[in-house]
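Engineer: Please see the structure below; I have some questions.
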Amino acid sequence: MYQFDFLRDQEPFTIINKIAPYQYVSFDIFDTLLKRDVLTPIDVFRLVGKVFNDNGFVTKRIHVEKVLRQSSNTEEITLDQIYDSLGSSYILYKEEEIKIEQNLLCKNPIIAPVYEYCKKQGKKIVITSDMYLPETVLRDILHKNGISFDFCFISNTHGVKKVTGNLFRKVLHDLDILPNDIIHIGDSVRADFLGARKVDIASVLIPKLVNNTSWLDVKNKKQQTVFNIFINNHLNLHSDQYYQFGYAYFGPLLYGFTRWLHQSTGHKKIFFFARDGYIVKQAYDAMYPSSDTDYIYLSRRALSVPLLWKHSGWDEFSKYITITRFFTLGTLLDRLGLNPNQYEAKASEFGLNLSDNFNKNDFLQNSKLKAFYQSISADVINNSRKEFDFLTEYFKHKNFSGDIAIVDIGWNGSMQRYLLEIMDLLNINVRIEGYYFGMRNYINNTIVRGYLYNPEELNLEPTISFMQGLFESLFLSNEGSTKCYGRINGIVKPILYDPEYNEEDIEYQSFASIQKGAQDFCEMYINSYASLFEEYTHKEYSYSLLKFGTQPSFNDVDLFGDFRFFDTNVVFFSKPKSLLSYIRCPKSFFKDFSYSVWKAGFIKKSLKMVSPYASLYKFLKRRTIKG
């Protein structure tokens, strides 16, 4: 007889070595051949209660089964007996319980290779299970999951159980074999190991909880959620690592946000902003296909430039365009809505070059830059008015009015502020509610809601900032950002910048694979009864992704560290120089740290240490600002 624990990835081979000498191989069903997409069998009863909005059903169901077992003349009871005792008013509950069991069960990834080995070797496969479900139902479930067998022994069919050894005796008798001819595989110490031992049958005991993937640790209490159990059972381990990352880490966050959005917006029309809203809209439309949604091409640049004719003063325009910590004159011209190449000669008249760098904190005090701006301000205003007119027509084409919700990744809410001002200028009657992953600030005269954090609850804001570039990149669509609008074939349409990545770029392929994995998780999970569990918070849905982003391992950093990130300049997620070079020139460390868009990855890769990341980040951030 055999009892042993397994290491992940070695389990199937270890089991195969144990069962190789035997002609007959017996399999338990639940938590052996098949896994449920819930934490415990009682969760099935909870789901039945949820379907019928009957909070007391779980207690009734458990009590009736317990009483029946205590009074039964046989070792096992049946599902029919349980529901007969519950009463005729529960007949639909029984049908629902069977449907839920069928929906929640899938092949156990650890045992599937063992089963396939048995089939290829021509071994006789025996199903031996203690269960109250009818044998016909269990046979259908097994066949649905691609499992065929030679013999089937279910406890409620024969009135005896494995735990007493009597079901195993029935197997030996009916098959007319000796104990040495058969080995049993199961997860229960009492039924599958000790029960088989009572009749001298060898057994392989497998653990109930096994990490089928390195992305999760379902033995960790913090990760014992239904959606993580679902991921552990369904993640395609033959897919690439970025797809697996998307399915296991990004998928739950995307699902949680989408569910929250649907519950929060009611029946409002929802506009998803390009580009960060693209993957969210895909998930939303898949999960809630009857909802009224639209995808609208907007960006900070596309909304801010059309407002500059109202705010063109030297001390005012910078509040309406994106100003990064360091920027070039060429970048400034682009964000003012002008073509930098057309102003190269004009800039030289003021002793300026397009490549000249300026600091966000003090550029307004630069007399040459101020004089240059004043010389081109009329061009800024003229272009702004033209863009405003095109934008007006685009909004009318989109029917952007009434009681609506807008969705974007968030942070400061500048786009929602611009929208409110534009709607006011156009005298469009619109009531806008903004829904974001995170929002730092309130916006007057409107509603903003943050999923991970909002102005009154900013606990997760530093966490997101610690991994902001990585976080934002997960949402990027494969098209360029919206530049402005123009008339094409008589219709006003968005004009886009070129996308950052080409199809052959590793970043393009990886983020596309991540989004595919996340999308697949959302679609698969929403169609599972497991998704009826609603007890999970934003912290639970985001736990794995935020842990990855703020406490990465060396392998984690290798996944994204060398990826490029396009902002004012092209930087890397976390690609530090050697530690020796930073020791020689400490200032370069702080400079590179400030440019890195995945701070945790930069710290991990450069310092090569396990550290109190949050505290170290705050110190480095303060030091970088002072520097």
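Order determines the names: the first chain of the structure tokens is A, the second B, and so forth; residues in each chain are numbered 1 upward, and ligands are numbered 1 upward as they are shown.
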Could you pull the residues within 12 Å of Asn220 in chain A, counting only C-alpha atoms, minus those fewer than 3 positions along the same chain, as a list in words?
Structural biologist: Leu209, Val210, Asn211, Leu216, Asp217, Gln223, Gln224, Thr225, Asn228, Ile229 and Ser544 of chain A
Engineer: Save the residues we just selected, C-alpha atoms, as a PDB file, in the first residue's frame?
Structural biologist:
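Contents of part-v6.pdb, as written:
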ATOM      1  CA  LEU A 209      -5.459  20.947  -2.976  1.00  0.00           C
ATOM      2  CA  VAL A 210      -2.671  20.974  -5.556  1.00  0.00           C
ATOM      3  CA  ASN A 211      -1.079  23.985  -7.210  1.00  0.00           C
ATOM      4  CA  LEU A 216      -1.123  30.758  -7.880  1.00  0.00           C
ATOM      5  CA  ASP A 217      -0.801  29.162  -4.465  1.00  0.00           C
ATOM      6  CA  GLN A 223      -5.568  32.979  -2.508  1.00  0.00           C
ATOM      7  CA  GLN A 224      -8.330  30.535  -1.573  1.00  0.00           C
ATOM      8  CA  THR A 225     -11.061  32.237  -3.534  1.00  0.00           C
ATOM      9  CA  ASN A 228      -8.536  31.279  -8.039  1.00  0.00           C
ATOM     10  CA  ILE A 229      -9.769  27.694  -7.701  1.00  0.00           C
ATOM     11  CA  SER A 544      -2.308  38.583  -7.450  1.00  0.00           C
TER      12      SER A 544
END
Engineer: If you count only C-alpha atoms, which residues fall within 6 Å of Cys484 in chain A, apart from same-chain ones fewer than 2 positions away, as a ChimeraX atom specification?
Structural biologist: /A:302,482,494-495
Engineer: Export all heavy atoms of the chosen residues as a compact mmCIF listing (two decimals), in the first residue's frame?
Structural biologist:
# COMPACT_ATOMS: atom_id res chain seq x y z
N ALA A 302 -6.64 65.27 -27.50
CA ALA A 302 -7.78 65.54 -28.38
C ALA A 302 -8.84 66.41 -27.71
O ALA A 302 -9.63 67.07 -28.39
CB ALA A 302 -8.40 64.23 -28.84
N THR A 482 -5.53 58.96 -29.82
CA THR A 482 -6.30 59.92 -30.62
C THR A 482 -5.60 61.27 -30.63
O THR A 482 -5.34 61.86 -29.58
CB THR A 482 -7.72 60.09 -30.05
OG1 THR A 482 -8.35 58.81 -29.96
CG2 THR A 482 -8.55 61.00 -30.95
N PRO A 494 -11.98 60.27 -36.05
CA PRO A 494 -10.74 60.50 -35.30
C PRO A 494 -9.50 60.29 -36.16
O PRO A 494 -9.48 59.42 -37.04
CB PRO A 494 -10.82 59.47 -34.17
CG PRO A 494 -11.70 58.40 -34.69
CD PRO A 494 -12.70 59.07 -35.57
N ILE A 495 -8.49 61.09 -35.92
CA ILE A 495 -7.18 60.92 -36.55
C ILE A 495 -6.23 60.45 -35.45
O ILE A 495 -6.11 61.09 -34.40
CB ILE A 495 -6.68 62.24 -37.16
CG1 ILE A 495 -7.64 62.68 -38.28
CG2 ILE A 495 -5.26 62.07 -37.70
CD1 ILE A 495 -7.35 64.06 -38.81
Engineer: Determine, for each residue of range 517-596 of chain A having at least one atom at most 12 Å from an atom of range 100-105 of chain A, the closest pair of atoms and their separation in Å to one decimal, counting only C-alpha atoms; order by chain and ascending number, as a tab-separated table.
Structural biologist:
residue	atom	partner	partner_atom	distance
A:Met524	CA	A:Asn103	CA	11.4
A:Tyr525	CA	A:Leu104	CA	10.5
A:Ile526	CA	A:Asn103	CA	11.9
A:Asn527	CA	A:Asn103	CA	9.1
A:Ser528	CA	A:Asn103	CA	6.6
A:Tyr529	CA	A:Ile100	CA	6.5
A:Ala530	CA	A:Leu104	CA	7.0
A:Ser531	CA	A:Leu104	CA	10.4
A:Leu532	CA	A:Ile100	CA	11.0
Engineer: Any idea what's packed within 12 Å of Phe471 in chain A, counting only C-alpha atoms, ignoring anything in its chain fewer than 2 positions away? Could you give it as a ChimeraX atom specification?
Structural biologist: /A:246,249-250,253-254,276,409-411,437-438,463-469,473-476,511,514,542,545-550,560,565,573,597-599
Engineer: May I have the selected residues written with C-alpha atoms, as a PDB file, in the first residue's frame?
Structural biologist:
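Wrote it out as again.pdb, contents follow:
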ATOM      1  CA  GLY A 246      -3.328  37.566 -18.342  1.00  0.00           C
ATOM      2  CA  TYR A 249      -3.535  37.898 -12.783  1.00  0.00           C
ATOM      3  CA  PHE A 250      -5.077  40.482 -15.102  1.00  0.00           C
ATOM      4  CA  LEU A 253      -9.034  42.364 -11.893  1.00  0.00           C
ATOM      5  CA  LEU A 254     -10.704  42.954 -15.262  1.00  0.00           C
ATOM      6  CA  ASP A 276      -7.452  52.156 -22.131  1.00  0.00           C
ATOM      7  CA  ILE A 409      -8.260  53.954 -16.491  1.00  0.00           C
ATOM      8  CA  GLY A 410      -8.323  57.114 -14.377  1.00  0.00           C
ATOM      9  CA  TRP A 411      -5.884  58.830 -11.971  1.00  0.00           C
ATOM     10  CA  PHE A 437      -9.750  51.969 -11.819  1.00  0.00           C
ATOM     11  CA  GLY A 438      -8.408  54.716  -9.594  1.00  0.00           C
ATOM     12  CA  THR A 463       0.668  50.617  -4.721  1.00  0.00           C
ATOM     13  CA  ILE A 464      -0.568  51.446  -8.223  1.00  0.00           C
ATOM     14  CA  SER A 465       1.997  54.264  -8.565  1.00  0.00           C
ATOM     15  CA  PHE A 466       4.708  51.748  -7.717  1.00  0.00           C
ATOM     16  CA  MET A 467       3.803  49.786 -10.855  1.00  0.00           C
ATOM     17  CA  GLN A 468       1.943  52.397 -12.890  1.00  0.00           C
ATOM     18  CA  GLY A 469       3.658  51.882 -16.243  1.00  0.00           C
ATOM     19  CA  SER A 473       0.310  48.908 -20.431  1.00  0.00           C
ATOM     20  CA  LEU A 474      -2.027  46.004 -19.714  1.00  0.00           C
ATOM     21  CA  PHE A 475      -4.934  48.075 -21.071  1.00  0.00           C
ATOM     22  CA  LEU A 476      -3.403  49.503 -24.254  1.00  0.00           C
ATOM     23  CA  PHE A 511       0.292  42.488 -24.366  1.00  0.00           C
ATOM     24  CA  ILE A 514      -2.131  39.040 -21.933  1.00  0.00           C
ATOM     25  CA  SER A 542      -6.539  42.560  -7.662  1.00  0.00           C
ATOM     26  CA  LEU A 545      -1.667  41.344  -9.976  1.00  0.00           C
ATOM     27  CA  LEU A 546      -0.721  43.942  -7.369  1.00  0.00           C
ATOM     28  CA  LYS A 547       1.513  41.478  -5.540  1.00  0.00           C
ATOM     29  CA  PHE A 548       3.262  40.714  -8.836  1.00  0.00           C
ATOM     30  CA  GLY A 549       3.664  44.423  -9.581  1.00  0.00           C
ATOM     31  CA  THR A 550       4.947  45.476  -6.164  1.00  0.00           C
ATOM     32  CA  PHE A 560       8.600  42.790 -18.553  1.00  0.00           C
ATOM     33  CA  PHE A 565       7.362  52.383 -22.581  1.00  0.00           C
ATOM     34  CA  PHE A 573       9.888  49.295 -17.595  1.00  0.00           C
ATOM     35  CA  VAL A 597       7.806  53.066 -15.102  1.00  0.00           C
ATOM     36  CA  TRP A 598       7.908  49.913 -12.982  1.00  0.00           C
ATOM     37  CA  LYS A 599       9.620  51.021  -9.803  1.00  0.00           C
TER      38      LYS A 599
END
Engineer: Apply DSSP to the backbone of this structure and, from range 245-304 of chain A, keep only the residues in alpha helix (DSSP H); write these as an mmCIF file with N, CA, C and O atoms, in the first residue's frame.
Structural biologist:
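Now in out_27.cif:
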data_model
loop_
_atom_site.group_PDB
_atom_site.id
_atom_site.type_symbol
_atom_site.label_atom_id
_atom_site.label_comp_id
_atom_site.auth_asym_id
_atom_site.auth_seq_id
_atom_site.Cartn_x
_atom_site.Cartn_y
_atom_site.Cartn_z
ATOM 1 N N PHE A 245 -0.259 34.769 -17.611
ATOM 2 C CA PHE A 245 -0.265 35.953 -16.750
ATOM 3 C C PHE A 245 -1.601 36.688 -16.872
ATOM 4 O O PHE A 245 -2.207 37.086 -15.876
ATOM 5 N N GLY A 251 -6.878 38.902 -15.542
ATOM 6 C CA GLY A 251 -8.260 38.490 -15.726
ATOM 7 C C GLY A 251 -9.147 38.757 -14.522
ATOM 8 O O GLY A 251 -10.232 39.351 -14.661
ATOM 9 N N PRO A 252 -8.768 38.332 -13.310
ATOM 10 C CA PRO A 252 -9.624 38.597 -12.145
ATOM 11 C C PRO A 252 -9.863 40.088 -11.900
ATOM 12 O O PRO A 252 -10.981 40.481 -11.547
ATOM 13 N N LEU A 253 -8.837 40.926 -12.070
ATOM 14 C CA LEU A 253 -9.034 42.364 -11.893
ATOM 15 C C LEU A 253 -10.006 42.901 -12.934
ATOM 16 O O LEU A 253 -10.921 43.667 -12.618
ATOM 17 N N LEU A 254 -9.819 42.503 -14.188
ATOM 18 C CA LEU A 254 -10.704 42.954 -15.262
ATOM 19 C C LEU A 254 -12.134 42.485 -14.991
ATOM 20 O O LEU A 254 -13.094 43.255 -15.175
ATOM 21 N N TYR A 255 -12.281 41.262 -14.544
ATOM 22 C CA TYR A 255 -13.609 40.722 -14.226
ATOM 23 C C TYR A 255 -14.242 41.500 -13.072
ATOM 24 O O TYR A 255 -15.416 41.895 -13.138
ATOM 25 N N GLY A 256 -13.479 41.699 -11.996
ATOM 26 C CA GLY A 256 -14.008 42.396 -10.826
ATOM 27 C C GLY A 256 -14.437 43.818 -11.162
ATOM 28 O O GLY A 256 -15.500 44.275 -10.725
ATOM 29 N N PHE A 257 -13.608 44.531 -11.929
ATOM 30 C CA PHE A 257 -13.954 45.893 -12.316
ATOM 31 C C PHE A 257 -15.205 45.911 -13.183
ATOM 32 O O PHE A 257 -16.105 46.732 -12.989
ATOM 33 N N THR A 258 -15.278 45.001 -14.155
ATOM 34 C CA THR A 258 -16.412 44.962 -15.078
ATOM 35 C C THR A 258 -17.701 44.657 -14.337
ATOM 36 O O THR A 258 -18.753 45.259 -14.600
ATOM 37 N N ARG A 259 -17.640 43.743 -13.403
ATOM 38 C CA ARG A 259 -18.828 43.398 -12.605
ATOM 39 C C ARG A 259 -19.265 44.599 -11.766
ATOM 40 O O ARG A 259 -20.454 44.921 -11.687
ATOM 41 N N TRP A 260 -18.288 45.251 -11.131
ATOM 42 C CA TRP A 260 -18.568 46.456 -10.325
ATOM 43 C C TRP A 260 -19.177 47.557 -11.194
ATOM 44 O O TRP A 260 -20.142 48.229 -10.794
ATOM 45 N N LEU A 261 -18.639 47.731 -12.384
ATOM 46 C CA LEU A 261 -19.141 48.739 -13.304
ATOM 47 C C LEU A 261 -20.593 48.468 -13.665
ATOM 48 O O LEU A 261 -21.437 49.378 -13.652
ATOM 49 N N HIS A 262 -20.901 47.230 -13.966
ATOM 50 C CA HIS A 262 -22.267 46.871 -14.344
ATOM 51 C C HIS A 262 -23.242 47.100 -13.188
ATOM 52 O O HIS A 262 -24.358 47.601 -13.391
ATOM 53 N N GLN A 263 -22.818 46.745 -11.991
ATOM 54 C CA GLN A 263 -23.686 46.916 -10.827
ATOM 55 C C GLN A 263 -23.865 48.391 -10.464
ATOM 56 O O GLN A 263 -24.902 48.781 -9.926
ATOM 57 N N SER A 264 -22.866 49.215 -10.796
ATOM 58 C CA SER A 264 -22.881 50.622 -10.380
ATOM 59 C C SER A 264 -23.600 51.536 -11.357
ATOM 60 O O SER A 264 -24.170 52.554 -10.952
ATOM 61 N N THR A 265 -23.565 51.203 -12.644
ATOM 62 C CA THR A 265 -24.087 52.117 -13.651
ATOM 63 C C THR A 265 -25.562 51.935 -13.926
ATOM 64 O O THR A 265 -26.195 52.799 -14.543
ATOM 65 N N TYR A 278 -10.508 49.926 -24.212
ATOM 66 C CA TYR A 278 -10.794 48.931 -25.252
ATOM 67 C C TYR A 278 -11.007 47.533 -24.666
ATOM 68 O O TYR A 278 -12.032 46.896 -24.905
ATOM 69 N N ILE A 279 -10.047 47.046 -23.902
ATOM 70 C CA ILE A 279 -10.150 45.686 -23.378
ATOM 71 C C ILE A 279 -11.275 45.596 -22.349
ATOM 72 O O ILE A 279 -11.931 44.562 -22.214
ATOM 73 N N VAL A 280 -11.549 46.709 -21.647
ATOM 74 C CA VAL A 280 -12.650 46.715 -20.685
ATOM 75 C C VAL A 280 -13.978 46.572 -21.424
ATOM 76 O O VAL A 280 -14.870 45.832 -20.988
ATOM 77 N N LYS A 281 -14.120 47.272 -22.548
ATOM 78 C CA LYS A 281 -15.354 47.147 -23.338
ATOM 79 C C LYS A 281 -15.516 45.733 -23.881
ATOM 80 O O LYS A 281 -16.628 45.184 -23.909
ATOM 81 N N GLN A 282 -14.413 45.129 -24.323
ATOM 82 C CA GLN A 282 -14.501 43.749 -24.823
ATOM 83 C C GLN A 282 -15.010 42.817 -23.740
ATOM 84 O O GLN A 282 -15.868 41.957 -23.980
ATOM 85 N N ALA A 283 -14.484 42.980 -22.536
ATOM 86 C CA ALA A 283 -14.923 42.140 -21.418
ATOM 87 C C ALA A 283 -16.372 42.438 -21.064
ATOM 88 O O ALA A 283 -17.175 41.527 -20.827
ATOM 89 N N TYR A 284 -16.723 43.727 -21.029
ATOM 90 C CA TYR A 284 -18.076 44.119 -20.643
ATOM 91 C C TYR A 284 -19.104 43.580 -21.636
ATOM 92 O O TYR A 284 -20.143 43.034 -21.245
ATOM 93 N N ASP A 285 -18.835 43.727 -22.921
ATOM 94 C CA ASP A 285 -19.790 43.259 -23.932
ATOM 95 C C ASP A 285 -19.942 41.739 -23.904
ATOM 96 O O ASP A 285 -21.018 41.206 -24.201
ATOM 97 N N ALA A 286 -18.852 41.032 -23.561
ATOM 98 C CA ALA A 286 -18.924 39.575 -23.470
ATOM 99 C C ALA A 286 -19.718 39.142 -22.234
ATOM 100 O O ALA A 286 -20.492 38.181 -22.278
ATOM 101 N N MET A 287 -19.553 39.862 -21.133
ATOM 102 C CA MET A 287 -20.216 39.496 -19.888
ATOM 103 C C MET A 287 -21.669 39.978 -19.833
ATOM 104 O O MET A 287 -22.522 39.308 -19.257
ATOM 105 N N ARG A 300 -6.420 62.984 -23.827
ATOM 106 C CA ARG A 300 -6.177 64.285 -23.210
ATOM 107 C C ARG A 300 -5.819 65.321 -24.271
ATOM 108 O O ARG A 300 -6.282 66.455 -24.229
ATOM 109 N N ARG A 301 -4.993 64.907 -25.222
ATOM 110 C CA ARG A 301 -4.593 65.847 -26.272
ATOM 111 C C ARG A 301 -5.794 66.246 -27.137
ATOM 112 O O ARG A 301 -6.010 67.412 -27.469
ATOM 113 N N ALA A 302 -6.641 65.268 -27.501
ATOM 114 C CA ALA A 302 -7.780 65.541 -28.379
ATOM 115 C C ALA A 302 -8.839 66.407 -27.708
ATOM 116 O O ALA A 302 -9.625 67.073 -28.390
ATOM 117 N N LEU A 303 -8.889 66.426 -26.381
ATOM 118 C CA LEU A 303 -9.854 67.248 -25.658
ATOM 119 C C LEU A 303 -9.269 68.578 -25.204
ATOM 120 O O LEU A 303 -9.998 69.577 -25.113
ATOM 121 N N SER A 304 -7.982 68.598 -24.906
ATOM 122 C CA SER A 304 -7.387 69.819 -24.353
ATOM 123 C C SER A 304 -7.106 70.867 -25.426
ATOM 124 O O SER A 304 -7.377 72.062 -25.221
#
Engineer: Applying 9 Å and only C-alpha atoms, which residues near Leu172 in chain A remain after dropping the ones on its own chain fewer than 6 positions away? List them as a VMD selection string.
Structural biologist: chain A and resid 178 to 179 182
Engineer: Once DSSP has gone over the backbone, tell me which residues of range 185-416 of chain A are in strand (DSSP E or B), as a PyMOL selection string.
Structural biologist: chain A and resi 185-186+202-205+269-273+293-296+326-328+357-359+402-411
Engineer: Can you tell me, as a list in words, what residues are no more than 12 Å from Tyr595 in chain A when counting only C-alpha atoms, ignoring any on the same chain fewer than 3 positions away?
Structural biologist: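 Skipping anything fewer than 3 positions along the chain leaves Thr324, Arg325, Phe326, Gln468, Gly469, Arg564, Phe565, Phe566, Asp567, Thr568, Asn569, Val570, Val571, Phe572, Phe573, Ser574, Lys575, Pro576, Ser588, Phe589, Phe590, Lys591, Asp592, Trp598, Lys599, Phe602, Lys621, Thr624 and Ile625 of chain A.
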Engineer: Those same residues - N, CA, C and O atoms - I'd like them written as an mmCIF file, in the first residue's frame.
Structural biologist:
data_model
loop_
_atom_site.group_PDB
_atom_site.id
_atom_site.type_symbol
_atom_site.label_atom_id
_atom_site.label_comp_id
_atom_site.auth_asym_id
_atom_site.auth_seq_id
_atom_site.Cartn_x
_atom_site.Cartn_y
_atom_site.Cartn_z
ATOM 1 N N THR A 324 4.830 66.918 -18.671
ATOM 2 C CA THR A 324 5.582 65.937 -17.883
ATOM 3 C C THR A 324 6.735 66.626 -17.160
ATOM 4 O O THR A 324 7.018 67.810 -17.382
ATOM 5 N N ARG A 325 7.399 65.891 -16.319
ATOM 6 C CA ARG A 325 8.457 66.488 -15.496
ATOM 7 C C ARG A 325 9.526 67.163 -16.344
ATOM 8 O O ARG A 325 9.978 68.268 -16.055
ATOM 9 N N PHE A 326 9.955 66.499 -17.401
ATOM 10 C CA PHE A 326 10.875 67.091 -18.370
ATOM 11 C C PHE A 326 10.249 66.952 -19.748
ATOM 12 O O PHE A 326 9.642 65.927 -20.069
ATOM 13 N N GLN A 468 2.905 51.727 -12.025
ATOM 14 C CA GLN A 468 1.943 52.397 -12.890
ATOM 15 C C GLN A 468 2.159 52.116 -14.371
ATOM 16 O O GLN A 468 1.197 51.870 -15.115
ATOM 17 N N GLY A 469 3.402 52.142 -14.831
ATOM 18 C CA GLY A 469 3.658 51.882 -16.243
ATOM 19 C C GLY A 469 3.242 50.484 -16.648
ATOM 20 O O GLY A 469 2.646 50.285 -17.718
ATOM 21 N N ARG A 564 9.786 48.344 -23.651
ATOM 22 C CA ARG A 564 9.818 49.794 -23.824
ATOM 23 C C ARG A 564 8.477 50.403 -23.428
ATOM 24 O O ARG A 564 7.428 49.793 -23.594
ATOM 25 N N PHE A 565 8.554 51.630 -22.937
ATOM 26 C CA PHE A 565 7.362 52.383 -22.581
ATOM 27 C C PHE A 565 7.464 53.750 -23.238
ATOM 28 O O PHE A 565 8.468 54.441 -23.102
ATOM 29 N N PHE A 566 6.419 54.144 -23.943
ATOM 30 C CA PHE A 566 6.454 55.382 -24.707
ATOM 31 C C PHE A 566 5.668 56.460 -23.968
ATOM 32 O O PHE A 566 4.456 56.354 -23.778
ATOM 33 N N ASP A 567 6.385 57.493 -23.547
ATOM 34 C CA ASP A 567 5.746 58.654 -22.941
ATOM 35 C C ASP A 567 6.306 59.872 -23.671
ATOM 36 O O ASP A 567 6.269 59.925 -24.889
ATOM 37 N N THR A 568 6.830 60.838 -22.956
ATOM 38 C CA THR A 568 7.527 61.930 -23.645
ATOM 39 C C THR A 568 8.750 61.380 -24.354
ATOM 40 O O THR A 568 9.063 61.749 -25.490
ATOM 41 N N ASN A 569 9.448 60.507 -23.677
ATOM 42 C CA ASN A 569 10.600 59.817 -24.252
ATOM 43 C C ASN A 569 10.343 58.311 -24.182
ATOM 44 O O ASN A 569 9.425 57.854 -23.501
ATOM 45 N N VAL A 570 11.181 57.561 -24.881
ATOM 46 C CA VAL A 570 11.103 56.109 -24.792
ATOM 47 C C VAL A 570 11.944 55.669 -23.603
ATOM 48 O O VAL A 570 13.140 55.936 -23.542
ATOM 49 N N VAL A 571 11.304 55.018 -22.643
ATOM 50 C CA VAL A 571 12.010 54.511 -21.469
ATOM 51 C C VAL A 571 11.709 53.022 -21.361
ATOM 52 O O VAL A 571 10.950 52.460 -22.144
ATOM 53 N N PHE A 572 12.320 52.395 -20.354
ATOM 54 C CA PHE A 572 12.096 50.965 -20.146
ATOM 55 C C PHE A 572 11.299 50.747 -18.858
ATOM 56 O O PHE A 572 11.319 51.583 -17.947
ATOM 57 N N PHE A 573 10.619 49.623 -18.810
ATOM 58 C CA PHE A 573 9.888 49.295 -17.595
ATOM 59 C C PHE A 573 10.842 49.261 -16.400
ATOM 60 O O PHE A 573 10.624 49.925 -15.407
ATOM 61 N N SER A 574 11.859 48.453 -16.503
ATOM 62 C CA SER A 574 12.840 48.351 -15.412
ATOM 63 C C SER A 574 14.114 47.723 -15.981
ATOM 64 O O SER A 574 14.297 46.511 -15.895
ATOM 65 N N LYS A 575 14.939 48.557 -16.553
ATOM 66 C CA LYS A 575 16.172 48.074 -17.163
ATOM 67 C C LYS A 575 17.345 48.896 -16.620
ATOM 68 O O LYS A 575 17.878 49.777 -17.292
ATOM 69 N N PRO A 576 17.759 48.596 -15.396
ATOM 70 C CA PRO A 576 18.839 49.374 -14.786
ATOM 71 C C PRO A 576 20.203 48.990 -15.344
ATOM 72 O O PRO A 576 20.376 47.946 -15.966
ATOM 73 N N SER A 588 23.160 58.802 -11.138
ATOM 74 C CA SER A 588 22.558 58.127 -12.292
ATOM 75 C C SER A 588 21.517 57.104 -11.842
ATOM 76 O O SER A 588 20.559 56.831 -12.567
ATOM 77 N N PHE A 589 21.712 56.538 -10.629
ATOM 78 C CA PHE A 589 20.722 55.606 -10.107
ATOM 79 C C PHE A 589 19.383 56.308 -9.907
ATOM 80 O O PHE A 589 18.330 55.817 -10.325
ATOM 81 N N PHE A 590 19.427 57.481 -9.260
ATOM 82 C CA PHE A 590 18.187 58.191 -8.986
ATOM 83 C C PHE A 590 17.536 58.695 -10.273
ATOM 84 O O PHE A 590 16.312 58.727 -10.392
ATOM 85 N N LYS A 591 18.354 59.057 -11.242
ATOM 86 C CA LYS A 591 17.807 59.493 -12.528
ATOM 87 C C LYS A 591 17.102 58.331 -13.229
ATOM 88 O O LYS A 591 15.967 58.454 -13.689
ATOM 89 N N ASP A 592 17.782 57.178 -13.298
ATOM 90 C CA ASP A 592 17.183 56.018 -13.956
ATOM 91 C C ASP A 592 15.948 55.529 -13.205
ATOM 92 O O ASP A 592 14.966 55.090 -13.819
ATOM 93 N N TRP A 598 8.245 51.014 -13.891
ATOM 94 C CA TRP A 598 7.908 49.913 -12.982
ATOM 95 C C TRP A 598 8.951 49.937 -11.868
ATOM 96 O O TRP A 598 9.983 49.299 -11.935
ATOM 97 N N LYS A 599 8.642 50.740 -10.851
ATOM 98 C CA LYS A 599 9.620 51.021 -9.803
ATOM 99 C C LYS A 599 10.036 49.763 -9.052
ATOM 100 O O LYS A 599 11.212 49.569 -8.735
ATOM 101 N N PHE A 602 12.429 47.807 -11.082
ATOM 102 C CA PHE A 602 13.744 48.466 -11.124
ATOM 103 C C PHE A 602 14.534 48.183 -9.851
ATOM 104 O O PHE A 602 15.728 47.856 -9.905
ATOM 105 N N LYS A 621 11.698 57.986 -3.834
ATOM 106 C CA LYS A 621 10.878 59.015 -4.470
ATOM 107 C C LYS A 621 11.209 60.383 -3.902
ATOM 108 O O LYS A 621 11.384 61.358 -4.654
ATOM 109 N N THR A 624 14.637 61.379 -5.141
ATOM 110 C CA THR A 624 14.631 61.740 -6.553
ATOM 111 C C THR A 624 14.072 63.138 -6.757
ATOM 112 O O THR A 624 14.600 63.935 -7.542
ATOM 113 N N ILE A 625 12.997 63.470 -6.022
ATOM 114 C CA ILE A 625 12.397 64.795 -6.150
ATOM 115 C C ILE A 625 13.367 65.867 -5.684
ATOM 116 O O ILE A 625 13.546 66.905 -6.324
#
Engineer: Could you give me, as a ChimeraX atom specification, the residues within 12 Å of Asn382 in chain A, counting only C-alpha atoms and dropping anything in the same chain fewer than 3 positions from it?
Structural biologist: /A:305-310,312,336-338,376-379,385-389
Engineer: Keeping only C-alpha atoms, write those residues as a short mmCIF file (atom, residue, chain, number, x, y, z; two decimals), in the first residue's frame.
Structural biologist:
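Below is the file that was written, part-v3.cif:
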data_model
loop_
_atom_site.label_atom_id
_atom_site.label_comp_id
_atom_site.auth_asym_id
_atom_site.auth_seq_id
_atom_site.Cartn_x
_atom_site.Cartn_y
_atom_site.Cartn_z
CA VAL A 305 -6.27 71.43 -27.63
CA PRO A 306 -9.86 72.34 -28.63
CA LEU A 307 -10.09 74.31 -25.37
CA LEU A 308 -6.92 76.37 -25.81
CA TRP A 309 -8.70 79.21 -27.63
CA LYS A 310 -10.42 79.83 -24.28
CA SER A 312 -4.37 80.64 -24.38
CA LEU A 336 -0.35 72.72 -28.28
CA GLY A 337 -1.73 71.21 -31.47
CA LEU A 338 0.99 72.47 -33.82
CA ILE A 376 2.79 81.76 -32.08
CA SER A 377 -0.25 82.10 -29.78
CA ALA A 378 -2.45 83.23 -32.66
CA ASP A 379 -1.66 79.97 -34.46
CA ARG A 385 -10.99 76.70 -32.88
CA LYS A 386 -10.78 74.40 -35.92
CA GLU A 387 -10.31 71.35 -33.70
CA PHE A 388 -13.17 72.50 -31.48
CA ASP A 389 -15.53 72.58 -34.44
#
